[in-house]
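> Contents are mmCIF, C-alpha atoms and all ligand atoms; file name protein-v3.cif:
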```
data_work
#
loop_
_atom_site.label_atom_id
_atom_site.label_comp_id
_atom_site.auth_asym_id
_atom_site.auth_seq_id
_atom_site.Cartn_x
_atom_site.Cartn_y
_atom_site.Cartn_z
CA MET A 1 36.33 11.62 -11.70
CA ARG A 2 34.48 14.82 -12.44
CA ALA A 3 34.80 17.64 -9.90
CA VAL A 4 31.53 18.93 -8.45
CA GLU A 5 32.65 22.42 -9.49
CA ASP A 6 32.55 21.33 -13.15
CA LEU A 7 28.86 20.36 -13.15
CA PRO A 8 26.57 22.68 -15.06
CA THR A 9 24.07 24.56 -12.91
CA PRO A 10 21.47 24.18 -11.65
CA ALA A 11 22.23 20.64 -10.48
CA VAL A 12 20.87 18.53 -7.66
CA LEU A 13 23.59 16.95 -5.55
CA VAL A 14 23.38 14.23 -2.95
CA ASP A 15 26.24 13.89 -0.49
CA LEU A 16 26.76 10.13 -0.40
CA ASP A 17 28.39 10.08 3.06
CA VAL A 18 25.37 11.85 4.55
CA LEU A 19 22.90 9.71 2.59
CA GLU A 20 24.52 6.50 3.86
CA LYS A 21 24.54 7.80 7.44
CA ASN A 22 20.85 8.73 7.24
CA VAL A 23 19.89 5.34 5.82
CA ALA A 24 21.95 3.48 8.44
CA ARG A 25 20.59 5.54 11.35
CA MET A 26 16.93 4.96 10.49
CA ALA A 27 17.57 1.26 9.84
CA GLU A 28 19.19 0.97 13.27
CA ARG A 29 16.25 2.71 14.98
CA ALA A 30 13.82 0.34 13.31
CA ARG A 31 15.92 -2.68 14.27
CA THR A 32 16.17 -1.65 17.92
CA THR A 33 12.41 -1.08 18.18
CA GLY A 34 11.65 -4.35 16.37
CA VAL A 35 9.66 -2.57 13.66
CA LYS A 36 9.91 -3.31 9.94
CA LEU A 37 11.16 -0.42 7.84
CA ARG A 38 9.37 0.19 4.57
CA PRO A 39 10.77 3.53 3.41
CA HIS A 40 8.62 5.73 1.22
CA ALA A 41 10.48 6.13 -2.08
CA LYS A 42 8.60 9.37 -2.83
CA THR A 43 11.63 11.33 -1.62
CA HIS A 44 14.20 9.89 -4.04
CA LYS A 45 12.24 7.97 -6.73
CA ILE A 46 15.55 6.29 -7.56
CA PRO A 47 15.93 2.49 -7.56
CA GLU A 48 19.65 2.75 -6.67
CA VAL A 49 18.76 4.61 -3.45
CA GLY A 50 16.02 2.09 -2.72
CA ARG A 51 18.58 -0.71 -3.09
CA LEU A 52 20.76 1.00 -0.48
CA GLN A 53 17.77 1.06 1.90
CA ILE A 54 17.10 -2.63 1.26
CA ALA A 55 20.79 -3.42 1.80
CA PHE A 56 20.47 -1.80 5.23
CA GLY A 57 17.55 -4.07 6.08
CA ALA A 58 14.39 -2.41 4.73
CA ALA A 59 11.62 -4.99 4.21
CA GLY A 60 10.35 -3.38 1.01
CA MET A 61 9.40 -0.02 -0.42
CA SER A 62 6.38 2.26 -0.04
CA LEU A 63 5.26 4.22 -3.09
CA ALA A 64 2.18 6.24 -3.97
CA LYS A 65 1.25 5.61 -7.59
CA VAL A 66 0.90 2.49 -9.72
CA GLY A 67 3.30 3.98 -12.28
CA GLU A 68 5.96 4.31 -9.55
CA ALA A 69 5.42 0.69 -8.56
CA GLU A 70 5.87 -0.34 -12.20
CA VAL A 71 9.23 1.43 -12.28
CA PHE A 72 10.40 -0.25 -9.06
CA ALA A 73 9.13 -3.68 -10.18
CA ASP A 74 11.09 -3.24 -13.42
CA ALA A 75 14.13 -2.53 -11.22
CA ASN A 76 13.66 -5.90 -9.46
CA PHE A 77 12.09 -4.76 -6.19
CA HIS A 78 9.95 -7.59 -4.85
CA ASP A 79 7.82 -6.16 -2.05
CA LEU A 80 5.85 -2.97 -2.71
CA PHE A 81 3.11 -1.10 -0.85
CA LEU A 82 1.16 1.73 -2.47
CA ALA A 83 0.44 3.91 0.56
CA TYR A 84 -2.30 5.78 -1.26
CA PRO A 85 -6.05 5.21 -1.75
CA THR A 86 -5.76 3.32 -5.03
CA ILE A 87 -9.02 3.09 -6.98
CA GLY A 88 -10.42 2.28 -10.42
CA GLY A 89 -10.66 -0.61 -12.85
CA ASP A 90 -7.88 0.71 -15.11
CA ARG A 91 -5.43 0.80 -12.22
CA ALA A 92 -6.70 -2.53 -10.93
CA ARG A 93 -5.77 -4.16 -14.24
CA ARG A 94 -2.25 -2.78 -13.97
CA LEU A 95 -2.10 -3.96 -10.36
CA LEU A 96 -3.15 -7.43 -11.49
CA ALA A 97 -0.17 -7.53 -13.87
CA LEU A 98 2.11 -6.21 -11.12
CA ALA A 99 0.87 -8.82 -8.63
CA ASP A 100 2.32 -11.51 -10.92
CA ARG A 101 5.77 -10.01 -10.45
CA VAL A 102 5.90 -8.66 -6.86
CA LYS A 103 4.41 -9.03 -3.40
CA LEU A 104 1.94 -6.17 -3.53
CA ALA A 105 -0.36 -4.28 -1.17
CA VAL A 106 -2.35 -1.09 -1.76
CA GLY A 107 -4.12 1.43 0.44
CA ALA A 108 -7.88 1.97 0.58
CA ASP A 109 -10.14 4.21 2.62
CA SER A 110 -13.54 3.58 1.05
CA VAL A 111 -15.68 0.59 0.22
CA GLU A 112 -16.42 2.06 -3.24
CA GLY A 113 -12.75 2.38 -4.08
CA ALA A 114 -11.95 -1.08 -2.74
CA ARG A 115 -14.84 -2.56 -4.74
CA SER A 116 -13.37 -1.18 -7.98
CA LEU A 117 -10.20 -3.18 -7.28
CA SER A 118 -12.03 -6.26 -6.06
CA GLU A 119 -14.07 -6.61 -9.25
CA VAL A 120 -10.96 -6.98 -11.39
CA PHE A 121 -9.14 -9.32 -8.99
CA ALA A 122 -12.24 -11.46 -8.34
CA ALA A 123 -12.82 -11.87 -12.09
CA ALA A 124 -9.25 -13.19 -12.34
CA ARG A 125 -9.82 -15.42 -9.27
CA ARG A 126 -7.06 -13.56 -7.43
CA LYS A 127 -6.84 -11.63 -4.17
CA LEU A 128 -5.20 -8.25 -3.72
CA THR A 129 -3.92 -7.28 -0.27
CA VAL A 130 -5.47 -4.02 0.93
CA MET A 131 -4.44 -1.88 3.89
CA LEU A 132 -7.12 0.33 5.40
CA LYS A 133 -6.00 3.92 5.85
CA ILE A 134 -6.79 5.45 9.23
CA ASP A 135 -6.91 9.21 9.84
CA CYS A 136 -4.81 9.96 12.94
CA GLY A 137 -5.44 13.70 12.81
CA TYR A 138 -3.95 14.91 9.53
CA HIS A 139 -7.45 15.07 8.02
CA ARG A 140 -6.32 14.38 4.48
CA VAL A 141 -7.45 10.85 3.61
CA GLY A 142 -8.28 7.90 5.85
CA VAL A 143 -11.30 6.73 7.80
CA GLU A 144 -12.04 8.08 11.26
CA PRO A 145 -10.97 5.51 13.87
CA SER A 146 -14.61 5.22 14.98
CA ASN A 147 -15.60 3.99 11.47
CA ALA A 148 -12.69 1.61 11.02
CA VAL A 149 -14.43 -1.64 12.04
CA GLU A 150 -17.38 -1.03 9.72
CA VAL A 151 -15.26 -0.14 6.67
CA ALA A 152 -12.68 -2.87 7.36
CA ARG A 153 -15.41 -5.50 7.58
CA ALA A 154 -17.00 -4.37 4.29
CA ILE A 155 -13.58 -4.42 2.57
CA ALA A 156 -12.64 -7.82 4.03
CA ASP A 157 -15.93 -9.22 2.68
CA LEU A 158 -15.14 -8.25 -0.92
CA PRO A 159 -14.26 -11.38 -2.90
CA GLY A 160 -11.16 -10.08 -4.71
CA LEU A 161 -9.47 -8.57 -1.64
CA GLU A 162 -7.86 -9.57 1.60
CA LEU A 163 -7.31 -7.19 4.48
CA GLY A 164 -3.61 -6.96 5.19
CA GLY A 165 -3.73 -4.42 8.00
CA ILE A 166 -3.98 -0.70 8.62
CA PHE A 167 -1.80 2.32 8.04
CA THR A 168 -1.67 6.00 8.81
CA HIS A 169 0.45 9.09 8.14
CA ALA A 170 0.77 11.93 10.64
CA GLY A 171 1.44 14.76 8.18
CA GLN A 172 0.21 17.22 10.83
CA ALA A 173 3.65 16.84 12.45
CA TYR A 174 4.94 19.31 9.86
CA ALA A 175 2.93 22.03 11.59
CA ALA A 176 4.20 21.23 15.10
CA GLU A 177 5.75 24.05 17.12
CA ASN A 178 8.86 22.19 18.28
CA ALA A 179 10.51 18.78 18.70
CA ALA A 180 8.37 17.94 21.74
CA GLY A 181 5.24 18.72 19.73
CA VAL A 182 6.46 16.47 16.90
CA ALA A 183 7.13 13.62 19.36
CA GLU A 184 3.64 14.03 20.79
CA VAL A 185 2.10 13.77 17.30
CA GLY A 186 4.16 10.60 16.74
CA ARG A 187 2.95 9.02 19.97
CA HIS A 188 -0.63 9.84 19.04
CA GLU A 189 -0.09 8.41 15.54
CA GLY A 190 1.15 5.10 16.95
CA GLU A 191 -1.42 4.90 19.74
CA THR A 192 -4.29 5.63 17.32
CA VAL A 193 -3.46 2.74 14.98
CA ALA A 194 -2.56 0.37 17.82
CA ALA A 195 -6.01 1.01 19.36
CA VAL A 196 -7.77 0.55 15.99
CA ALA A 197 -5.86 -2.69 15.40
CA ALA A 198 -7.01 -4.01 18.77
CA GLU A 199 -10.63 -3.13 17.95
CA LEU A 200 -10.47 -4.81 14.54
CA ARG A 201 -9.01 -7.97 16.06
CA ALA A 202 -11.68 -7.97 18.76
CA ALA A 203 -14.24 -7.82 15.93
CA GLY A 204 -12.65 -10.90 14.35
CA LEU A 205 -10.93 -9.05 11.52
CA PRO A 206 -7.40 -9.94 10.43
CA VAL A 207 -4.76 -7.27 11.06
CA GLY A 208 -1.25 -8.16 9.91
CA GLU A 209 0.66 -4.92 9.58
CA VAL A 210 0.07 -1.81 11.68
CA SER A 211 1.99 0.79 9.71
CA VAL A 212 2.92 4.34 10.71
CA GLY A 213 5.30 6.80 9.30
CA SER A 214 6.64 10.16 8.49
CA THR A 215 10.21 11.34 8.98
CA PRO A 216 9.51 13.68 11.91
CA THR A 217 7.34 11.17 13.80
CA ALA A 218 9.19 7.97 12.93
CA PHE A 219 11.20 7.63 16.12
CA SER A 220 8.31 8.27 18.51
CA ALA A 221 5.64 6.38 16.55
CA MET A 222 7.86 3.29 16.11
CA ARG A 223 8.19 2.91 19.87
CA VAL A 224 4.45 2.50 20.48
CA PRO A 225 3.64 -1.15 21.28
CA GLY A 226 1.50 -2.71 18.55
CA VAL A 227 3.13 -0.80 15.68
CA THR A 228 4.77 -3.28 13.28
CA GLU A 229 5.99 -1.15 10.37
CA CYS A 230 7.26 2.37 9.66
CA ARG A 231 7.34 4.27 6.33
CA PRO A 232 9.53 7.39 6.60
CA GLY A 233 10.62 8.87 3.29
CA ASN A 234 12.30 12.23 3.65
CA TYR A 235 14.99 10.98 6.09
CA VAL A 236 17.21 9.76 3.24
CA TYR A 237 17.99 13.32 2.25
CA HIS A 238 16.37 15.57 4.89
CA ASP A 239 15.87 19.26 3.97
CA GLY A 240 15.39 22.77 5.31
CA SER A 241 11.98 21.92 6.76
CA GLN A 242 13.36 18.99 8.76
CA VAL A 243 16.05 21.30 10.17
CA ALA A 244 13.42 23.91 11.07
CA LEU A 245 11.30 21.24 12.76
CA GLY A 246 14.29 19.99 14.77
CA THR A 247 14.19 16.52 13.18
CA CYS A 248 17.84 16.83 12.16
CA GLY A 249 20.72 19.27 11.99
CA PRO A 250 22.07 21.02 8.87
CA LYS A 251 24.87 18.42 8.61
CA ASP A 252 22.28 15.65 8.18
CA CYS A 253 20.98 17.15 4.93
CA ALA A 254 22.26 15.14 1.97
CA MET A 255 20.56 17.06 -0.83
CA THR A 256 21.74 20.46 -1.98
CA VAL A 257 21.13 22.40 -5.18
CA ALA A 258 24.17 23.85 -6.92
CA ALA A 259 23.32 27.13 -8.62
CA ARG A 260 25.10 30.13 -10.06
CA VAL A 261 24.62 33.84 -9.52
CA VAL A 262 23.48 35.33 -12.84
CA SER A 263 22.82 38.89 -11.73
CA VAL A 264 23.48 41.23 -8.79
CA PRO A 265 21.23 44.16 -9.68
CA ALA A 266 21.38 45.78 -6.22
CA ALA A 267 23.44 45.44 -3.03
CA ASP A 268 20.56 43.70 -1.28
CA ARG A 269 19.56 41.43 -4.19
CA ALA A 270 21.28 38.63 -6.09
CA VAL A 271 19.61 36.41 -8.67
CA VAL A 272 20.54 32.77 -9.23
CA ASP A 273 19.73 30.27 -11.99
CA ALA A 274 17.52 28.10 -9.76
CA GLY A 275 13.86 29.08 -9.70
CA SER A 276 10.64 27.14 -9.17
CA LYS A 277 11.51 24.74 -12.03
CA THR A 278 14.41 23.60 -9.88
CA LEU A 279 13.27 24.08 -6.29
CA SER A 280 9.44 23.95 -6.61
CA SER A 281 7.39 26.60 -4.80
CA ASP A 282 7.00 24.59 -1.60
CA VAL A 283 7.32 26.75 1.48
CA LEU A 284 9.47 26.09 4.52
CA ARG A 285 7.67 24.27 7.29
CA PRO A 286 6.54 24.65 10.01
CA ARG A 287 6.73 28.42 9.32
CA PRO A 288 7.21 29.81 5.81
CA ASN A 289 10.58 31.57 5.48
CA GLY A 290 11.74 31.89 1.91
CA HIS A 291 12.55 29.27 -0.71
CA GLY A 292 15.89 27.91 0.39
CA LEU A 293 18.93 28.84 2.45
CA VAL A 294 22.18 29.76 0.69
CA LEU A 295 24.61 27.55 2.58
CA GLY A 296 27.58 29.27 4.18
CA THR A 297 25.64 32.56 4.33
CA SER A 298 22.72 34.02 6.27
CA SER A 299 20.84 34.78 3.04
CA ARG A 300 17.74 33.05 1.71
CA LEU A 301 15.93 32.95 -1.59
CA ASP A 302 12.86 35.00 -0.86
CA ARG A 303 11.20 34.99 -4.27
CA LEU A 304 11.09 32.54 -7.17
CA SER A 305 9.91 32.68 -10.72
CA GLU A 306 10.45 29.74 -13.04
CA GLU A 307 14.11 30.32 -13.91
CA HIS A 308 15.05 32.98 -11.37
CA GLY A 309 15.73 32.61 -7.69
CA VAL A 310 15.94 35.97 -5.95
CA VAL A 311 18.24 36.04 -2.93
CA ALA A 312 17.56 38.65 -0.28
CA VAL A 313 21.17 39.44 0.61
CA ALA A 314 21.59 39.48 4.39
CA PRO A 315 23.80 42.14 6.00
CA GLY A 316 27.44 41.04 5.76
CA ASP A 317 26.86 38.67 2.82
CA ARG A 318 28.18 39.44 -0.67
CA PHE A 319 27.45 37.80 -4.00
CA ARG A 320 29.13 38.30 -7.36
CA VAL A 321 28.03 37.36 -10.88
CA GLY A 322 29.29 33.91 -11.83
CA GLN A 323 29.67 32.73 -8.23
CA ARG A 324 28.56 29.17 -7.52
CA ILE A 325 26.34 28.73 -4.51
CA SER A 326 24.81 25.82 -2.70
CA ILE A 327 21.16 25.91 -1.67
CA LEU A 328 19.48 23.87 1.04
CA PRO A 329 15.99 23.29 -0.41
CA ASN A 330 12.83 23.57 1.69
CA HIS A 331 11.45 20.21 0.54
CA ALA A 332 13.67 17.50 -0.95
CA CYS A 333 10.86 15.24 -2.30
CA VAL A 334 9.49 17.81 -4.71
CA VAL A 335 12.99 18.72 -5.91
CA SER A 336 13.57 15.07 -6.86
CA ASN A 337 10.38 15.05 -8.86
CA LEU A 338 11.56 18.02 -10.95
CA HIS A 339 14.85 16.53 -12.12
CA ASP A 340 15.84 13.81 -14.57
CA ARG A 341 19.11 13.09 -12.80
CA ILE A 342 20.80 13.58 -9.50
CA TYR A 343 24.53 13.54 -8.84
CA GLY A 344 26.00 11.51 -5.98
CA VAL A 345 29.01 13.38 -4.64
CA ARG A 346 31.76 12.62 -2.15
CA ALA A 347 34.70 14.77 -1.07
CA GLY A 348 34.20 17.24 -3.89
CA SER A 349 33.95 14.65 -6.70
CA VAL A 350 30.98 13.30 -8.63
CA GLU A 351 30.92 9.59 -7.80
CA CYS A 352 27.72 8.62 -9.61
CA GLU A 353 24.82 9.94 -11.63
CA TRP A 354 21.37 8.51 -10.98
CA ARG A 355 18.33 8.74 -13.18
CA VAL A 356 15.26 9.74 -11.16
CA ALA A 357 13.47 6.84 -12.79
CA ALA A 358 10.08 7.18 -11.09
CA ARG A 359 9.76 10.96 -11.39
CA GLY A 360 6.64 12.29 -13.01
CA ARG A 361 4.76 8.97 -12.66
CA VAL A 362 1.55 10.67 -11.61
CA ASP A 363 -0.68 7.79 -12.63
C1 LIG A 401 1.19 8.04 3.16
C2 LIG A 401 2.58 8.49 3.43
N1 LIG A 401 3.41 7.69 4.09
C3 LIG A 401 4.68 8.04 4.37
C4 LIG A 401 5.16 9.29 3.99
C5 LIG A 401 6.59 9.66 4.32
O1 LIG A 401 6.63 10.79 5.14
P1 LIG A 401 7.91 11.76 5.19
O2 LIG A 401 8.04 12.38 3.86
O3 LIG A 401 7.63 12.72 6.29
O4 LIG A 401 9.06 10.91 5.51
C6 LIG A 401 4.32 10.16 3.30
C7 LIG A 401 4.79 11.48 2.89
O5 LIG A 401 4.11 12.31 2.39
C8 LIG A 401 2.99 9.75 3.01
O6 LIG A 401 2.14 10.56 2.34
#
```
When written as structure tokens, how does the structure in this file appear?


Amino acid sequence: MRAVEDLPTPAVLVDLDVLEKNVARMAERARTTGVKLRPHAKTHKIPEVGRLQIAFGAAGMSLAKVGEAEVFADANFHDLFLAYPTIGGDRARRLLALADRVKLAVGADSVEGARSLSEVFAAARRKLTVMLKIDCGYHRVGVEPSNAVEVARAIADLPGLELGGIFTHAGQAYAAENAAGVAEVGRHEGETVAAVAAELRAAGLPVGEVSVGSTPTAFSAMRVPGVTECRPGNYVYHDGSQVALGTCGPKDCAMTVAARVVSVPAADRAVVDAGSKTLSSDVLRPRPNGHGLVLGTSSRLDRLSEEHGVVAVAPGDRFRVGQRISILPNHACVVSNLHDRIYGVRAGSVECEWRVAARGRVD
């Protein structure tokens, strides 16, 4: 077996012991709250990791784009939800082909968008399951709870669609001040969709799934009565932002980036071969603080260009040219999307190499 030390840099590593622990822990939380787990594969984009989640009891996968769903259908996943407002006749035709192969649902937050899917499915005398997206305070996409009945009714009336339920994503949790603030956002996330579900049912509309989910809010949102499904993604790997938010500790982070010092031009500056092409430019959340922590030191990358990561050397730390370092990235999901392959490592050896099969599927 190849030693981790022998891998060329930069390389993205996933500690398999930590990955398995993360997957098992979230599966157990979902089981004890009686909520279905439908992990968002945006974090890994790797069918092998998805299979591990399914083996631990996940009901199916969440994805964002049709192209990602095509990759996972090709890899024999049978139950997929596109947690994204999916629109347009071209995509609807691809969804029609996918619906022959898998149990499929897609997100919608407008009647216009839903109509563009309905036309294609109605012409084929088929029905596509649509989940209405509710805005629980992130203010990205989703209908306001007060408009949910009206939009849900209009969508349910479209001939090529059936309303499968509602979903939301509390991305505002990433700006919370502390763990208590995150838990409060999660409670609000769950309570918002539970209340909307009750209203829709009172209006005679069918609501199957009531789906919540982000990694920080998963545990609190899952516990709200009425929630049936949860879609955390980042928890498989975790990252610097989850540590900063208090979602997990440093030992729960499975993904690291192996890099090498290529230059030490000054005592307070070292330059490594991992820049924005490797780490992305995503900032640390909830408060920006550099572009990654150099593990085992107090130093962080404080500046990136494409191929250069500039480490601000903290007092007491020392770097030398040629030294291998390990970086805890700010945001694991975007790192996955930048790399063709990821190495699964255990006890210093490379146990497997995974192709990031759904990376770059932006359509
Ligand atoms: C719609 C949706 N659901 C679920 C998730 C998973 O959230 P997280 O990455 O915090 O686990 C995301 C992440 O962006 C999302 O956009």

> Could you list, as a PyMOL selection string, all residues that come within 10 Å of ligand LIG 401 (chain A)? Count only C-alpha atoms and all ligand atoms.

chain A and resi 38-43+62-64+82-85+107+133+140-142+167-174+211-218+230-238+242+331-333

> Those residues with C-alpha atoms, as a short mmCIF file (atom, residue, chain, number, x, y, z; two decimals), in the frame of the given file please?


```cif
data_model
loop_
_atom_site.label_atom_id
_atom_site.label_comp_id
_atom_site.auth_asym_id
_atom_site.auth_seq_id
_atom_site.Cartn_x
_atom_site.Cartn_y
_atom_site.Cartn_z
CA ARG A 38 9.37 0.19 4.57
CA PRO A 39 10.77 3.53 3.41
CA HIS A 40 8.62 5.73 1.22
CA ALA A 41 10.48 6.13 -2.08
CA LYS A 42 8.60 9.37 -2.83
CA THR A 43 11.63 11.33 -1.62
CA SER A 62 6.38 2.26 -0.04
CA LEU A 63 5.26 4.22 -3.09
CA ALA A 64 2.18 6.24 -3.97
CA LEU A 82 1.16 1.73 -2.47
CA ALA A 83 0.44 3.91 0.56
CA TYR A 84 -2.30 5.78 -1.26
CA PRO A 85 -6.05 5.21 -1.75
CA GLY A 107 -4.12 1.43 0.44
CA LYS A 133 -6.00 3.92 5.85
CA ARG A 140 -6.32 14.38 4.48
CA VAL A 141 -7.45 10.85 3.61
CA GLY A 142 -8.28 7.90 5.85
CA PHE A 167 -1.80 2.32 8.04
CA THR A 168 -1.67 6.00 8.81
CA HIS A 169 0.45 9.09 8.14
CA ALA A 170 0.77 11.93 10.64
CA GLY A 171 1.44 14.76 8.18
CA GLN A 172 0.21 17.22 10.83
CA ALA A 173 3.65 16.84 12.45
CA TYR A 174 4.94 19.31 9.86
CA SER A 211 1.99 0.79 9.71
CA VAL A 212 2.92 4.34 10.71
CA GLY A 213 5.30 6.80 9.30
CA SER A 214 6.64 10.16 8.49
CA THR A 215 10.21 11.34 8.98
CA PRO A 216 9.51 13.68 11.91
CA THR A 217 7.34 11.17 13.80
CA ALA A 218 9.19 7.97 12.93
CA CYS A 230 7.26 2.37 9.66
CA ARG A 231 7.34 4.27 6.33
CA PRO A 232 9.53 7.39 6.60
CA GLY A 233 10.62 8.87 3.29
CA ASN A 234 12.30 12.23 3.65
CA TYR A 235 14.99 10.98 6.09
CA VAL A 236 17.21 9.76 3.24
CA TYR A 237 17.99 13.32 2.25
CA HIS A 238 16.37 15.57 4.89
CA GLN A 242 13.36 18.99 8.76
CA HIS A 331 11.45 20.21 0.54
CA ALA A 332 13.67 17.50 -0.95
CA CYS A 333 10.86 15.24 -2.30
#
```

> Dig up all the protein and nucleic acid residues within 6 Å of (18.3, 16.2, -4.3) in the file frame, using only C-alpha atoms, and format them as a list in words.

Val12, Leu13, Val14, Met255, Thr256, Ala332 and Ser336 of chain A

> So that I have them on file, write out the residues from the current selection with C-alpha atoms, as a PDB file, in the frame of the given file.


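And here is the file that came out, result28.pdb:
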```
ATOM      1  CA  VAL A  12      20.870  18.530  -7.660  1.00  0.00           C
ATOM      2  CA  LEU A  13      23.590  16.950  -5.550  1.00  0.00           C
ATOM      3  CA  VAL A  14      23.380  14.230  -2.950  1.00  0.00           C
ATOM      4  CA  MET A 255      20.560  17.060  -0.830  1.00  0.00           C
ATOM      5  CA  THR A 256      21.740  20.460  -1.980  1.00  0.00           C
ATOM      6  CA  ALA A 332      13.670  17.500  -0.950  1.00  0.00           C
ATOM      7  CA  SER A 336      13.570  15.070  -6.860  1.00  0.00           C
TER       8      SER A 336
END
```

> Using all atoms listed in the file, which of A:Asn337, A:Ser263, A:Asn330, A:Asn147 sits nearest A:Val243?

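Between A:Asn337, A:Ser263, A:Asn330, A:Asn147, the residue approaching A:Val243 most closely is A:Asn330.
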
> From the list A:Glu353, A:Asp239, A:Asp90, A:Asp15, which residue is nearest A:His339 when using all atoms listed in the file?

A:Glu353

> Calculated over all atoms listed in the file, which of the candidates A:Pro159, A:His44, A:Arg115, A:Lys103 has the smallest distance to A:Val334?

A:His44

> Could you jot down the atom CA of A:Arg51 to atom CA of A:Thr278 separation for me, Å, one decimal place?

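Rounded to one decimal, the two atoms are 25.6 Å apart.
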
> Using only C-alpha atoms, which of A:Pro286, A:Gly348, A:Gly137, A:Pro10 sits nearest A:Gly309?

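Looking at the shortest contact to A:Gly309, the residue is A:Pro10.
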
> Using Å and a single decimal, report how far atom CA of A:Glu144 sits from atom CA of A:Gly208.

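These atoms are spaced 19.5 Å apart.
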
> Just the number, please: distance in Å from atom CA of A:Val130 to atom CA of A:Ala108, one decimal.

6.5 Å

> Would you give me, as JSON lines, each residue of stretch 89-136 of chain A having an atom within 12 Å of an atom of stretch 75-79 of chain A, along with its shortest atom pair and that distance in Å to one decimal, using only C-alpha atoms and sorting by chain and residue number?


```
{"residue": "A:Leu98", "atom": "CA", "partner": "A:His78", "partner_atom": "CA", "distance": 10.1}
{"residue": "A:Ala99", "atom": "CA", "partner": "A:His78", "partner_atom": "CA", "distance": 9.9}
{"residue": "A:Asp100", "atom": "CA", "partner": "A:His78", "partner_atom": "CA", "distance": 10.5}
{"residue": "A:Arg101", "atom": "CA", "partner": "A:His78", "partner_atom": "CA", "distance": 7.4}
{"residue": "A:Val102", "atom": "CA", "partner": "A:His78", "partner_atom": "CA", "distance": 4.6}
{"residue": "A:Lys103", "atom": "CA", "partner": "A:Asp79", "partner_atom": "CA", "distance": 4.7}
{"residue": "A:Leu104", "atom": "CA", "partner": "A:Asp79", "partner_atom": "CA", "distance": 6.1}
{"residue": "A:Ala105", "atom": "CA", "partner": "A:Asp79", "partner_atom": "CA", "distance": 8.4}
{"residue": "A:Val106", "atom": "CA", "partner": "A:Asp79", "partner_atom": "CA", "distance": 11.4}
{"residue": "A:Thr129", "atom": "CA", "partner": "A:Asp79", "partner_atom": "CA", "distance": 11.9}
```

> Would you please work out which residue, of A:Gly160, A:Glu177, A:Gly50, A:Leu200, is nearest to A:Ser146 when using only C-alpha atoms?

A:Leu200

> Can you pull out every residue within 12 Å of A:Pro265, counting all atoms listed in the file, but drop anything in the same chain fewer than 3 positions away, and send it as a PyMOL selection string?

chain A and resi 261-262+268-272+310-313+319-321

> Restrict the selected residues to C-alpha atoms and save them as a CSV table (one decimal), in the coordinates of the input.


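Saved result, result.csv, follows:
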```
chain,number,residue,atom,x,y,z
A,261,VAL,CA,24.6,33.8,-9.5
A,262,VAL,CA,23.5,35.3,-12.8
A,268,ASP,CA,20.6,43.7,-1.3
A,269,ARG,CA,19.6,41.4,-4.2
A,270,ALA,CA,21.3,38.6,-6.1
A,271,VAL,CA,19.6,36.4,-8.7
A,272,VAL,CA,20.5,32.8,-9.2
A,310,VAL,CA,15.9,36.0,-6.0
A,311,VAL,CA,18.2,36.0,-2.9
A,312,ALA,CA,17.6,38.6,-0.3
A,313,VAL,CA,21.2,39.4,0.6
A,319,PHE,CA,27.4,37.8,-4.0
A,320,ARG,CA,29.1,38.3,-7.4
A,321,VAL,CA,28.0,37.4,-10.9
```
